[in-house]
file structure.pdb (PDB, C-alpha atoms)
ATOM      1  CA  MET A  57    -119.936  16.709 -66.490  1.00  0.00           C
ATOM      2  CA  SER A  58    -116.959  14.753 -65.227  1.00  0.00           C
ATOM      3  CA  SER A  59    -116.071  11.426 -66.840  1.00  0.00           C
ATOM      4  CA  ASN A  60    -116.296  10.009 -63.308  1.00  0.00           C
ATOM      5  CA  GLU A  61    -120.050  10.540 -63.282  1.00  0.00           C
ATOM      6  CA  PRO A  62    -122.613   8.438 -65.158  1.00  0.00           C
ATOM      7  CA  PRO A  63    -124.678  10.244 -67.798  1.00  0.00           C
ATOM      8  CA  LEU A  64    -128.118  11.261 -66.575  1.00  0.00           C
ATOM      9  CA  GLU A  65    -129.555  12.263 -69.957  1.00  0.00           C
ATOM     10  CA  ASP A  66    -129.985  10.211 -73.121  1.00  0.00           C
ATOM     11  CA  PRO A  67    -127.037  11.184 -75.370  1.00  0.00           C
ATOM     12  CA  ILE A  68    -128.867  10.265 -78.594  1.00  0.00           C
ATOM     13  CA  ARG A  69    -129.589  13.355 -80.660  1.00  0.00           C
ATOM     14  CA  PRO A  70    -133.141  13.709 -81.992  1.00  0.00           C
ATOM     15  CA  ASP A  71    -131.931  14.842 -85.452  1.00  0.00           C
ATOM     16  CA  LEU A  72    -129.989  11.669 -86.342  1.00  0.00           C
ATOM     17  CA  ARG A  73    -130.389  10.196 -89.818  1.00  0.00           C
ATOM     18  CA  VAL A  74    -129.444   6.770 -91.172  1.00  0.00           C
ATOM     19  CA  ALA A  75    -126.549   6.614 -93.643  1.00  0.00           C
ATOM     20  CA  LYS A  76    -126.505   3.943 -96.333  1.00  0.00           C
ATOM     21  CA  SER A  77    -122.753   3.490 -95.846  1.00  0.00           C
ATOM     22  CA  LEU A  78    -119.841   4.994 -93.941  1.00  0.00           C
ATOM     23  CA  VAL A  79    -116.101   5.509 -94.257  1.00  0.00           C
ATOM     24  CA  VAL A  80    -114.235   4.883 -91.000  1.00  0.00           C
ATOM     25  CA  LEU A  81    -110.547   5.655 -90.425  1.00  0.00           C
ATOM     26  CA  PHE A  82    -108.375   4.300 -87.602  1.00  0.00           C
ATOM     27  CA  THR A  83    -105.005   6.085 -87.597  1.00  0.00           C
ATOM     28  CA  GLY A  84    -102.353   7.211 -85.118  1.00  0.00           C
ATOM     29  CA  GLU A  85     -99.237   5.964 -83.377  1.00  0.00           C
ATOM     30  CA  GLY A  86    -100.987   3.629 -80.931  1.00  0.00           C
ATOM     31  CA  LYS A  87    -101.596  -0.099 -81.152  1.00  0.00           C
ATOM     32  CA  GLY A  88    -105.026  -1.342 -82.122  1.00  0.00           C
ATOM     33  CA  LYS A  89    -105.765   0.035 -85.586  1.00  0.00           C
ATOM     34  CA  THR A  90    -105.844  -3.348 -87.311  1.00  0.00           C
ATOM     35  CA  SER A  91    -107.658  -4.823 -84.312  1.00  0.00           C
ATOM     36  CA  ALA A  92    -110.323  -2.112 -84.628  1.00  0.00           C
ATOM     37  CA  GLY A  93    -110.693  -2.769 -88.346  1.00  0.00           C
ATOM     38  CA  ILE A  94    -110.982  -6.519 -87.821  1.00  0.00           C
ATOM     39  CA  GLY A  95    -113.453  -5.928 -84.997  1.00  0.00           C
ATOM     40  CA  THR A  96    -115.621  -3.917 -87.384  1.00  0.00           C
ATOM     41  CA  ALA A  97    -115.354  -6.728 -89.961  1.00  0.00           C
ATOM     42  CA  VAL A  98    -116.453  -9.292 -87.367  1.00  0.00           C
ATOM     43  CA  ARG A  99    -119.375  -7.080 -86.307  1.00  0.00           C
ATOM     44  CA  ALA A 100    -120.494  -6.674 -89.934  1.00  0.00           C
ATOM     45  CA  ALA A 101    -120.176 -10.416 -90.610  1.00  0.00           C
ATOM     46  CA  GLY A 102    -122.262 -11.042 -87.501  1.00  0.00           C
ATOM     47  CA  HIS A 103    -125.049  -9.071 -89.186  1.00  0.00           C
ATOM     48  CA  GLY A 104    -124.763 -11.201 -92.316  1.00  0.00           C
ATOM     49  CA  TRP A 105    -122.833  -8.669 -94.397  1.00  0.00           C
ATOM     50  CA  LYS A 106    -120.460  -9.768 -97.150  1.00  0.00           C
ATOM     51  CA  VAL A 107    -117.057  -8.530 -95.945  1.00  0.00           C
ATOM     52  CA  SER A 108    -113.565  -8.297 -97.395  1.00  0.00           C
ATOM     53  CA  VAL A 109    -110.351  -7.509 -95.532  1.00  0.00           C
ATOM     54  CA  LEU A 110    -107.282  -6.558 -97.564  1.00  0.00           C
ATOM     55  CA  GLN A 111    -103.916  -6.140 -95.841  1.00  0.00           C
ATOM     56  CA  PHE A 112    -101.566  -3.924 -97.854  1.00  0.00           C
ATOM     57  CA  LEU A 113     -98.241  -4.509 -96.094  1.00  0.00           C
ATOM     58  CA  LYS A 114     -98.463  -7.967 -94.606  1.00  0.00           C
ATOM     59  CA  SER A 115     -97.432 -10.749 -96.914  1.00  0.00           C
ATOM     60  CA  GLY A 116     -99.610 -13.721 -97.776  1.00  0.00           C
ATOM     61  CA  ASP A 117     -96.753 -15.856 -96.425  1.00  0.00           C
ATOM     62  CA  TRP A 118     -97.644 -14.815 -92.870  1.00  0.00           C
ATOM     63  CA  SER A 119    -100.101 -16.741 -90.734  1.00  0.00           C
ATOM     64  CA  THR A 120    -102.023 -14.359 -88.485  1.00  0.00           C
ATOM     65  CA  GLY A 121    -104.791 -14.913 -85.993  1.00  0.00           C
ATOM     66  CA  GLU A 122    -106.943 -12.297 -87.690  1.00  0.00           C
ATOM     67  CA  GLY A 123    -106.615 -14.098 -91.018  1.00  0.00           C
ATOM     68  CA  LYS A 124    -107.538 -17.451 -89.517  1.00  0.00           C
ATOM     69  CA  ALA A 125    -110.523 -16.001 -87.625  1.00  0.00           C
ATOM     70  CA  CYS A 126    -111.813 -14.105 -90.649  1.00  0.00           C
ATOM     71  CA  HIS A 127    -111.676 -17.220 -92.821  1.00  0.00           C
ATOM     72  CA  GLN A 128    -113.594 -19.166 -90.151  1.00  0.00           C
ATOM     73  CA  LEU A 129    -116.277 -16.460 -90.128  1.00  0.00           C
ATOM     74  CA  GLY A 130    -116.656 -16.414 -93.912  1.00  0.00           C
ATOM     75  CA  ILE A 131    -114.902 -13.077 -94.336  1.00  0.00           C
ATOM     76  CA  ASP A 132    -112.824 -12.801 -97.506  1.00  0.00           C
ATOM     77  CA  PHE A 133    -109.311 -12.074 -96.242  1.00  0.00           C
ATOM     78  CA  GLU A 134    -106.153 -11.451 -98.247  1.00  0.00           C
ATOM     79  CA  SER A 135    -102.691 -10.269 -97.242  1.00  0.00           C
ATOM     80  CA  ILE A 136    -101.528  -8.823-100.536  1.00  0.00           C
ATOM     81  CA  GLY A 137     -98.472  -6.817 -99.524  1.00  0.00           C
ATOM     82  CA  ALA A 138     -94.771  -7.411 -99.959  1.00  0.00           C
ATOM     83  CA  GLY A 139     -93.929  -7.448 -96.251  1.00  0.00           C
ATOM     84  CA  PHE A 140     -91.988  -4.993 -94.117  1.00  0.00           C
ATOM     85  CA  THR A 141     -90.079  -2.368 -96.097  1.00  0.00           C
ATOM     86  CA  TRP A 142     -86.955  -2.870 -93.974  1.00  0.00           C
ATOM     87  CA  ASP A 143     -86.843  -6.487 -95.173  1.00  0.00           C
ATOM     88  CA  SER A 144     -87.163  -5.499 -98.822  1.00  0.00           C
ATOM     89  CA  ASP A 145     -84.379  -5.850-101.340  1.00  0.00           C
ATOM     90  CA  ASN A 146     -86.483  -4.247-104.100  1.00  0.00           C
ATOM     91  CA  ILE A 147     -88.636  -1.275-103.097  1.00  0.00           C
ATOM     92  CA  GLU A 148     -89.641  -0.669-106.737  1.00  0.00           C
ATOM     93  CA  ASN A 149     -91.179  -4.148-106.799  1.00  0.00           C
ATOM     94  CA  ASP A 150     -92.928  -3.392-103.492  1.00  0.00           C
ATOM     95  CA  ILE A 151     -94.435  -0.263-105.061  1.00  0.00           C
ATOM     96  CA  ARG A 152     -95.675  -2.316-108.025  1.00  0.00           C
ATOM     97  CA  ILE A 153     -97.215  -4.846-105.621  1.00  0.00           C
ATOM     98  CA  ALA A 154     -98.847  -1.982-103.701  1.00  0.00           C
ATOM     99  CA  ASN A 155    -100.445  -0.626-106.866  1.00  0.00           C
ATOM    100  CA  ASP A 156    -101.625  -4.086-107.892  1.00  0.00           C
ATOM    101  CA  ALA A 157    -103.124  -4.454-104.412  1.00  0.00           C
ATOM    102  CA  TRP A 158    -104.873  -1.088-104.728  1.00  0.00           C
ATOM    103  CA  SER A 159    -106.352  -2.259-108.068  1.00  0.00           C
ATOM    104  CA  ILE A 160    -107.860  -5.263-106.266  1.00  0.00           C
ATOM    105  CA  ALA A 161    -109.248  -2.992-103.546  1.00  0.00           C
ATOM    106  CA  ALA A 162    -110.670  -0.502-106.038  1.00  0.00           C
ATOM    107  CA  GLU A 163    -112.420  -3.333-107.889  1.00  0.00           C
ATOM    108  CA  GLN A 164    -113.894  -4.721-104.666  1.00  0.00           C
ATOM    109  CA  ILE A 165    -115.134  -1.298-103.588  1.00  0.00           C
ATOM    110  CA  SER A 166    -116.566  -0.382-106.998  1.00  0.00           C
ATOM    111  CA  SER A 167    -118.205  -3.759-107.609  1.00  0.00           C
ATOM    112  CA  GLY A 168    -120.781  -3.295-104.863  1.00  0.00           C
ATOM    113  CA  LEU A 169    -120.477  -7.000-104.001  1.00  0.00           C
ATOM    114  CA  TYR A 170    -119.197  -6.272-100.502  1.00  0.00           C
ATOM    115  CA  GLN A 171    -121.068  -4.322 -97.874  1.00  0.00           C
ATOM    116  CA  LEU A 172    -117.786  -3.698 -96.033  1.00  0.00           C
ATOM    117  CA  VAL A 173    -114.231  -3.487 -97.368  1.00  0.00           C
ATOM    118  CA  VAL A 174    -111.469  -3.126 -94.765  1.00  0.00           C
ATOM    119  CA  LEU A 175    -108.279  -1.580 -96.164  1.00  0.00           C
ATOM    120  CA  ASP A 176    -105.730  -2.493 -93.504  1.00  0.00           C
ATOM    121  CA  GLU A 177    -102.470  -0.474 -93.634  1.00  0.00           C
ATOM    122  CA  LEU A 178    -103.555   1.528 -96.691  1.00  0.00           C
ATOM    123  CA  THR A 179    -102.521   4.822 -95.066  1.00  0.00           C
ATOM    124  CA  TYR A 180     -98.835   3.909 -95.358  1.00  0.00           C
ATOM    125  CA  LEU A 181     -98.988   3.410 -99.119  1.00  0.00           C
ATOM    126  CA  VAL A 182    -100.763   6.735 -99.588  1.00  0.00           C
ATOM    127  CA  ALA A 183     -98.486   8.630 -97.171  1.00  0.00           C
ATOM    128  CA  TRP A 184     -95.364   7.247 -98.907  1.00  0.00           C
ATOM    129  CA  GLY A 185     -96.738   8.240-102.311  1.00  0.00           C
ATOM    130  CA  TRP A 186     -96.801   4.624-103.511  1.00  0.00           C
ATOM    131  CA  VAL A 187    -100.525   4.795-104.254  1.00  0.00           C
ATOM    132  CA  ASP A 188    -102.057   8.042-105.484  1.00  0.00           C
ATOM    133  CA  GLU A 189    -104.181   9.705-102.787  1.00  0.00           C
ATOM    134  CA  GLU A 190    -106.489  11.296-105.349  1.00  0.00           C
ATOM    135  CA  LYS A 191    -107.285   7.887-106.930  1.00  0.00           C
ATOM    136  CA  VAL A 192    -108.038   6.419-103.506  1.00  0.00           C
ATOM    137  CA  VAL A 193    -110.245   9.353-102.508  1.00  0.00           C
ATOM    138  CA  GLN A 194    -112.106   9.265-105.848  1.00  0.00           C
ATOM    139  CA  THR A 195    -112.732   5.517-105.676  1.00  0.00           C
ATOM    140  CA  ILE A 196    -113.980   5.630-102.097  1.00  0.00           C
ATOM    141  CA  SER A 197    -116.083   8.748-102.714  1.00  0.00           C
ATOM    142  CA  ALA A 198    -117.690   7.175-105.824  1.00  0.00           C
ATOM    143  CA  ARG A 199    -118.361   3.813-104.151  1.00  0.00           C
ATOM    144  CA  PRO A 200    -121.815   2.241-104.469  1.00  0.00           C
ATOM    145  CA  GLU A 201    -124.116   3.440-101.711  1.00  0.00           C
ATOM    146  CA  ASN A 202    -124.226   0.008-100.041  1.00  0.00           C
ATOM    147  CA  VAL A 203    -120.432  -0.215 -99.545  1.00  0.00           C
ATOM    148  CA  SER A 204    -118.840   0.918 -96.292  1.00  0.00           C
ATOM    149  CA  VAL A 205    -115.058   1.225 -96.051  1.00  0.00           C
ATOM    150  CA  VAL A 206    -112.668   0.989 -93.099  1.00  0.00           C
ATOM    151  CA  ILE A 207    -109.122   2.315 -93.526  1.00  0.00           C
ATOM    152  CA  THR A 208    -106.307   1.654 -91.032  1.00  0.00           C
ATOM    153  CA  GLY A 209    -102.698   2.668 -90.534  1.00  0.00           C
ATOM    154  CA  ARG A 210    -100.450   5.427 -89.232  1.00  0.00           C
ATOM    155  CA  ASP A 211     -99.919   8.810 -90.844  1.00  0.00           C
ATOM    156  CA  ALA A 212    -103.298   9.191 -92.555  1.00  0.00           C
ATOM    157  CA  THR A 213    -103.120  11.926 -95.162  1.00  0.00           C
ATOM    158  CA  PRO A 214    -105.471  14.937 -95.151  1.00  0.00           C
ATOM    159  CA  GLY A 215    -107.481  13.491 -98.057  1.00  0.00           C
ATOM    160  CA  LEU A 216    -108.127  10.230 -96.217  1.00  0.00           C
ATOM    161  CA  ILE A 217    -109.087  12.084 -93.052  1.00  0.00           C
ATOM    162  CA  GLN A 218    -111.441  14.349 -94.985  1.00  0.00           C
ATOM    163  CA  ILE A 219    -113.403  11.538 -96.687  1.00  0.00           C
ATOM    164  CA  ALA A 220    -113.869   9.637 -93.419  1.00  0.00           C
ATOM    165  CA  ASP A 221    -117.256   9.976 -91.733  1.00  0.00           C
ATOM    166  CA  THR A 222    -115.554   8.791 -88.543  1.00  0.00           C
ATOM    167  CA  ALA A 223    -111.819   9.291 -87.957  1.00  0.00           C
ATOM    168  CA  SER A 224    -110.124   8.039 -84.797  1.00  0.00           C
ATOM    169  CA  ASP A 225    -106.580   8.848 -83.733  1.00  0.00           C
ATOM    170  CA  ILE A 226    -105.255   5.897 -81.727  1.00  0.00           C
ATOM    171  CA  VAL A 227    -102.779   7.219 -79.146  1.00  0.00           C
ATOM    172  CA  SER A 228    -100.128   5.087 -77.468  1.00  0.00           C
ATOM    173  CA  LEU A 229     -99.759   5.530 -73.726  1.00  0.00           C
ATOM    174  CA  HIS A 230     -97.041   2.871 -73.684  1.00  0.00           C
ATOM    175  CA  HIS A 231     -96.294  -0.367 -75.511  1.00  0.00           C
ATOM    176  CA  ALA A 232     -94.824  -3.709 -74.481  1.00  0.00           C
ATOM    177  CA  TYR A 233     -92.225  -3.421 -77.283  1.00  0.00           C
ATOM    178  CA  GLU A 234     -90.753  -0.374 -75.523  1.00  0.00           C
ATOM    179  CA  GLN A 235     -90.156  -2.655 -72.523  1.00  0.00           C
ATOM    180  CA  GLY A 236     -88.268  -5.153 -74.680  1.00  0.00           C
ATOM    181  CA  ILE A 237     -91.225  -7.522 -75.170  1.00  0.00           C
ATOM    182  CA  ALA A 238     -91.604  -9.117 -78.612  1.00  0.00           C
ATOM    183  CA  ALA A 239     -94.927  -9.303 -80.489  1.00  0.00           C
ATOM    184  CA  LYS A 240     -97.155 -11.945 -78.923  1.00  0.00           C
ATOM    185  CA  LYS A 241     -99.086 -14.494 -80.943  1.00  0.00           C
ATOM    186  CA  GLY A 242    -102.784 -14.036 -80.203  1.00  0.00           C
ATOM    187  CA  ILE A 243    -102.333 -10.421 -79.098  1.00  0.00           C
ATOM    188  CA  ASP A 244    -100.219  -8.792 -81.798  1.00  0.00           C
ATOM    189  CA  PHE A 245    -100.712 -11.187 -84.719  1.00  0.00           C
TER     190      PHE A 245
END
call {"tool": "encode", "arguments": {"input": "structure.pdb", "output": "structure tokens"}}
result
Amino acid sequence: MSSNEPPLEDPIRPDLRVAKSLVVLFTGEGKGKTSAGIGTAVRAAGHGWKVSVLQFLKSGDWSTGEGKACHQLGIDFESIGAGFTWDSDNIENDIRIANDAWSIAAEQISSGLYQLVVLDELTYLVAWGWVDEEKVVQTISARPENVSVVITGRDATPGLIQIADTASDIVSLHHAYEQGIAAKKGIDF
């Protein structure tokens, strides 16, 4: 069937089962990974779930629209990174901050207090070797059955892809930045 034609049969499979929790990964070179993660957080909060969003690269000094909106919706939101690596004058300190941030995430996941934990930009820390992939995979795999996890960021490692129940590769067709347009408040942050 062509994508230009509407579906004529119900696409829902008769053998579907309900999962107690899921791991969802948004990766790839395209824009929209954080937006997808925040969208999932908003959806979960709309259903009354207790939700946490942890941003691993963005600094708590930054004021973002997603942070403001999450706070207004009662979503626990923390930017616990050191900022962009190209602005860093101490990568070793950034690595320490990354591991401290992962400790916070691991505690939130393992505690079972949250029904959804969004790990925004975690893929970078794992891909760079700053946070041990095996530890991340073990923590997420051993999570309480009521805890779903969303992971975002480019360059997802094979271990992160493998533990994801749903993995999406966000592809860029083109981006405003390539046309010389700076990040726009309300769209990009």
call {"tool": "closest_atom_pairs", "arguments": {"input": "structure.pdb", "of": "region 106-188 of chain A", "to": "region 194-207 of chain A", "cutoff": "9 Å", "atoms": "only C-alpha atoms", "output": "tab-separated table"}}
result
residue	atom	partner	partner_atom	distance
A:Ala162	CA	A:Thr195	CA	6.4
A:Ile165	CA	A:Arg199	CA	6.1
A:Ser166	CA	A:Arg199	CA	5.4
A:Ser167	CA	A:Pro200	CA	7.7
A:Gly168	CA	A:Pro200	CA	5.6
A:Leu169	CA	A:Val203	CA	8.1
A:Tyr170	CA	A:Val203	CA	6.3
A:Gln171	CA	A:Val203	CA	4.5
A:Leu172	CA	A:Ser204	CA	4.7
A:Val173	CA	A:Val205	CA	5.0
A:Val174	CA	A:Val206	CA	4.6
A:Leu175	CA	A:Ile207	CA	4.8
A:Asp176	CA	A:Ile207	CA	5.9
A:Glu177	CA	A:Ile207	CA	7.2
A:Leu178	CA	A:Ile207	CA	6.5
A:Thr179	CA	A:Ile207	CA	7.2
call {"tool": "axis_aligned_box", "arguments": {"input": "structure.pdb", "around": "region 155-166 of chain A", "padding_each_side": "5 Å", "output": "JSON"}}
result
{"center_x": -108.5, "center_y": -2.8, "center_z": -105.8, "size_x": 26.1, "size_y": 14.9, "size_z": 14.5}
call {"tool": "resolve_selection", "arguments": {"input": "structure.pdb", "expression": "the PyMOL selection byres ((chain A and resi 96) around 12)", "output": "ChimeraX atom specification"}}
result
/A:78-82,89-95,97-103,105,107-109,126,131,171-176,204-208
call {"tool": "write_last_selection", "arguments": {"input": "structure.pdb", "atoms": "C-alpha atoms", "output": "PDB file, in the coordinates of the input"}}
result
ATOM      1  CA  LEU A  78    -119.841   4.994 -93.941  1.00  0.00           C
ATOM      2  CA  VAL A  79    -116.101   5.509 -94.257  1.00  0.00           C
ATOM      3  CA  VAL A  80    -114.235   4.883 -91.000  1.00  0.00           C
ATOM      4  CA  LEU A  81    -110.547   5.655 -90.425  1.00  0.00           C
ATOM      5  CA  PHE A  82    -108.375   4.300 -87.602  1.00  0.00           C
ATOM      6  CA  LYS A  89    -105.765   0.035 -85.586  1.00  0.00           C
ATOM      7  CA  THR A  90    -105.844  -3.348 -87.311  1.00  0.00           C
ATOM      8  CA  SER A  91    -107.658  -4.823 -84.312  1.00  0.00           C
ATOM      9  CA  ALA A  92    -110.323  -2.112 -84.628  1.00  0.00           C
ATOM     10  CA  GLY A  93    -110.693  -2.769 -88.346  1.00  0.00           C
ATOM     11  CA  ILE A  94    -110.982  -6.519 -87.821  1.00  0.00           C
ATOM     12  CA  GLY A  95    -113.453  -5.928 -84.997  1.00  0.00           C
ATOM     13  CA  ALA A  97    -115.354  -6.728 -89.961  1.00  0.00           C
ATOM     14  CA  VAL A  98    -116.453  -9.292 -87.367  1.00  0.00           C
ATOM     15  CA  ARG A  99    -119.375  -7.080 -86.307  1.00  0.00           C
ATOM     16  CA  ALA A 100    -120.494  -6.674 -89.934  1.00  0.00           C
ATOM     17  CA  ALA A 101    -120.176 -10.416 -90.610  1.00  0.00           C
ATOM     18  CA  GLY A 102    -122.262 -11.042 -87.501  1.00  0.00           C
ATOM     19  CA  HIS A 103    -125.049  -9.071 -89.186  1.00  0.00           C
ATOM     20  CA  TRP A 105    -122.833  -8.669 -94.397  1.00  0.00           C
ATOM     21  CA  VAL A 107    -117.057  -8.530 -95.945  1.00  0.00           C
ATOM     22  CA  SER A 108    -113.565  -8.297 -97.395  1.00  0.00           C
ATOM     23  CA  VAL A 109    -110.351  -7.509 -95.532  1.00  0.00           C
ATOM     24  CA  CYS A 126    -111.813 -14.105 -90.649  1.00  0.00           C
ATOM     25  CA  ILE A 131    -114.902 -13.077 -94.336  1.00  0.00           C
ATOM     26  CA  GLN A 171    -121.068  -4.322 -97.874  1.00  0.00           C
ATOM     27  CA  LEU A 172    -117.786  -3.698 -96.033  1.00  0.00           C
ATOM     28  CA  VAL A 173    -114.231  -3.487 -97.368  1.00  0.00           C
ATOM     29  CA  VAL A 174    -111.469  -3.126 -94.765  1.00  0.00           C
ATOM     30  CA  LEU A 175    -108.279  -1.580 -96.164  1.00  0.00           C
ATOM     31  CA  ASP A 176    -105.730  -2.493 -93.504  1.00  0.00           C
ATOM     32  CA  SER A 204    -118.840   0.918 -96.292  1.00  0.00           C
ATOM     33  CA  VAL A 205    -115.058   1.225 -96.051  1.00  0.00           C
ATOM     34  CA  VAL A 206    -112.668   0.989 -93.099  1.00  0.00           C
ATOM     35  CA  ILE A 207    -109.122   2.315 -93.526  1.00  0.00           C
ATOM     36  CA  THR A 208    -106.307   1.654 -91.032  1.00  0.00           C
TER      37      THR A 208
END
call {"tool": "resolve_selection", "arguments": {"input": "structure.pdb", "expression": "the PyMOL selection byres ((chain A and resi 152) around 12)", "output": "ChimeraX atom specification"}}
result
/A:112,136-138,146-151,153-159,181,186-187
call {"tool": "atom_distance", "arguments": {"input": "structure.pdb", "atom1": "CA of Ser228 (chain A)", "atom2": "CA of Ala161 (chain A)"}}
result
28.8 Å
call {"tool": "residues_around", "arguments": {"input": "structure.pdb", "residues": "Tyr180 (chain A)", "least_positions_apart": "5", "cutoff": "8 Å", "atoms": "all atoms listed in the file", "output": "VMD selection string"}}
result
chain A and resid 209 to 212
call {"tool": "write_last_selection", "arguments": {"input": "structure.pdb", "atoms": "C-alpha atoms", "output": "PDB file, in the frame of the given file"}}
result
ATOM      1  CA  GLY A 209    -102.698   2.668 -90.534  1.00  0.00           C
ATOM      2  CA  ARG A 210    -100.450   5.427 -89.232  1.00  0.00           C
ATOM      3  CA  ASP A 211     -99.919   8.810 -90.844  1.00  0.00           C
ATOM      4  CA  ALA A 212    -103.298   9.191 -92.555  1.00  0.00           C
TER       5      ALA A 212
END
call {"tool": "atom_distance", "arguments": {"input": "structure.pdb", "atom1": "CA of Val74 (chain A)", "atom2": "CA of Ala223 (chain A)"}}
result
18.1 Å
call {"tool": "residues_around", "arguments": {"input": "structure.pdb", "residues": "Lys87 (chain A)", "least_positions_apart": "4", "cutoff": "8 Å", "atoms": "only C-alpha atoms", "output": "tab-separated table (two decimals) with C-alpha atoms, in the frame of the given file"}}
result
chain	number	residue	atom	x	y	z
A	226	ILE	CA	-105.26	5.90	-81.73
A	227	VAL	CA	-102.78	7.22	-79.15
A	228	SER	CA	-100.13	5.09	-77.47
A	231	HIS	CA	-96.29	-0.37	-75.51
call {"tool": "atom_distance", "arguments": {"input": "structure.pdb", "atom1": "CA of Ile243 (chain A)", "atom2": "CA of Phe140 (chain A)"}}
result
19.0 Å
call {"tool": "resolve_selection", "arguments": {"input": "structure.pdb", "expression": "the PyMOL selection byres ((chain A and resi 244) around 12)", "output": "MDAnalysis selection string"}}
result
chainID A and resid 87:91 119:122 231:233 237:243 245
call {"tool": "closest_residue", "arguments": {"input": "structure.pdb", "among": "A:Asp225, A:Leu129, A:Pro63, A:Thr83", "to": "Ala183 (chain A)", "atoms": "only C-alpha atoms"}}
result
A:Thr83
call {"tool": "decode", "arguments": {"input": "structure.pdb", "residues": "region 234-245 of chain A", "atoms": "C-alpha atoms", "output": "short mmCIF file (atom, residue, chain, number, x, y, z; two decimals), in the first residue's frame"}}
result
data_model
loop_
_atom_site.label_atom_id
_atom_site.label_comp_id
_atom_site.auth_asym_id
_atom_site.auth_seq_id
_atom_site.Cartn_x
_atom_site.Cartn_y
_atom_site.Cartn_z
CA GLU A 234 22.65 25.41 8.14
CA GLN A 235 21.01 28.51 6.63
CA GLY A 236 22.75 30.77 9.14
CA ILE A 237 19.76 31.05 11.51
CA ALA A 238 20.52 31.04 15.25
CA ALA A 239 18.58 28.93 17.78
CA LYS A 240 15.16 30.44 18.39
CA LYS A 241 13.67 30.88 21.83
CA GLY A 242 10.42 28.91 21.98
CA ILE A 243 11.47 26.58 19.16
CA ASP A 244 14.99 25.45 20.02
CA PHE A 245 15.15 26.20 23.75
#
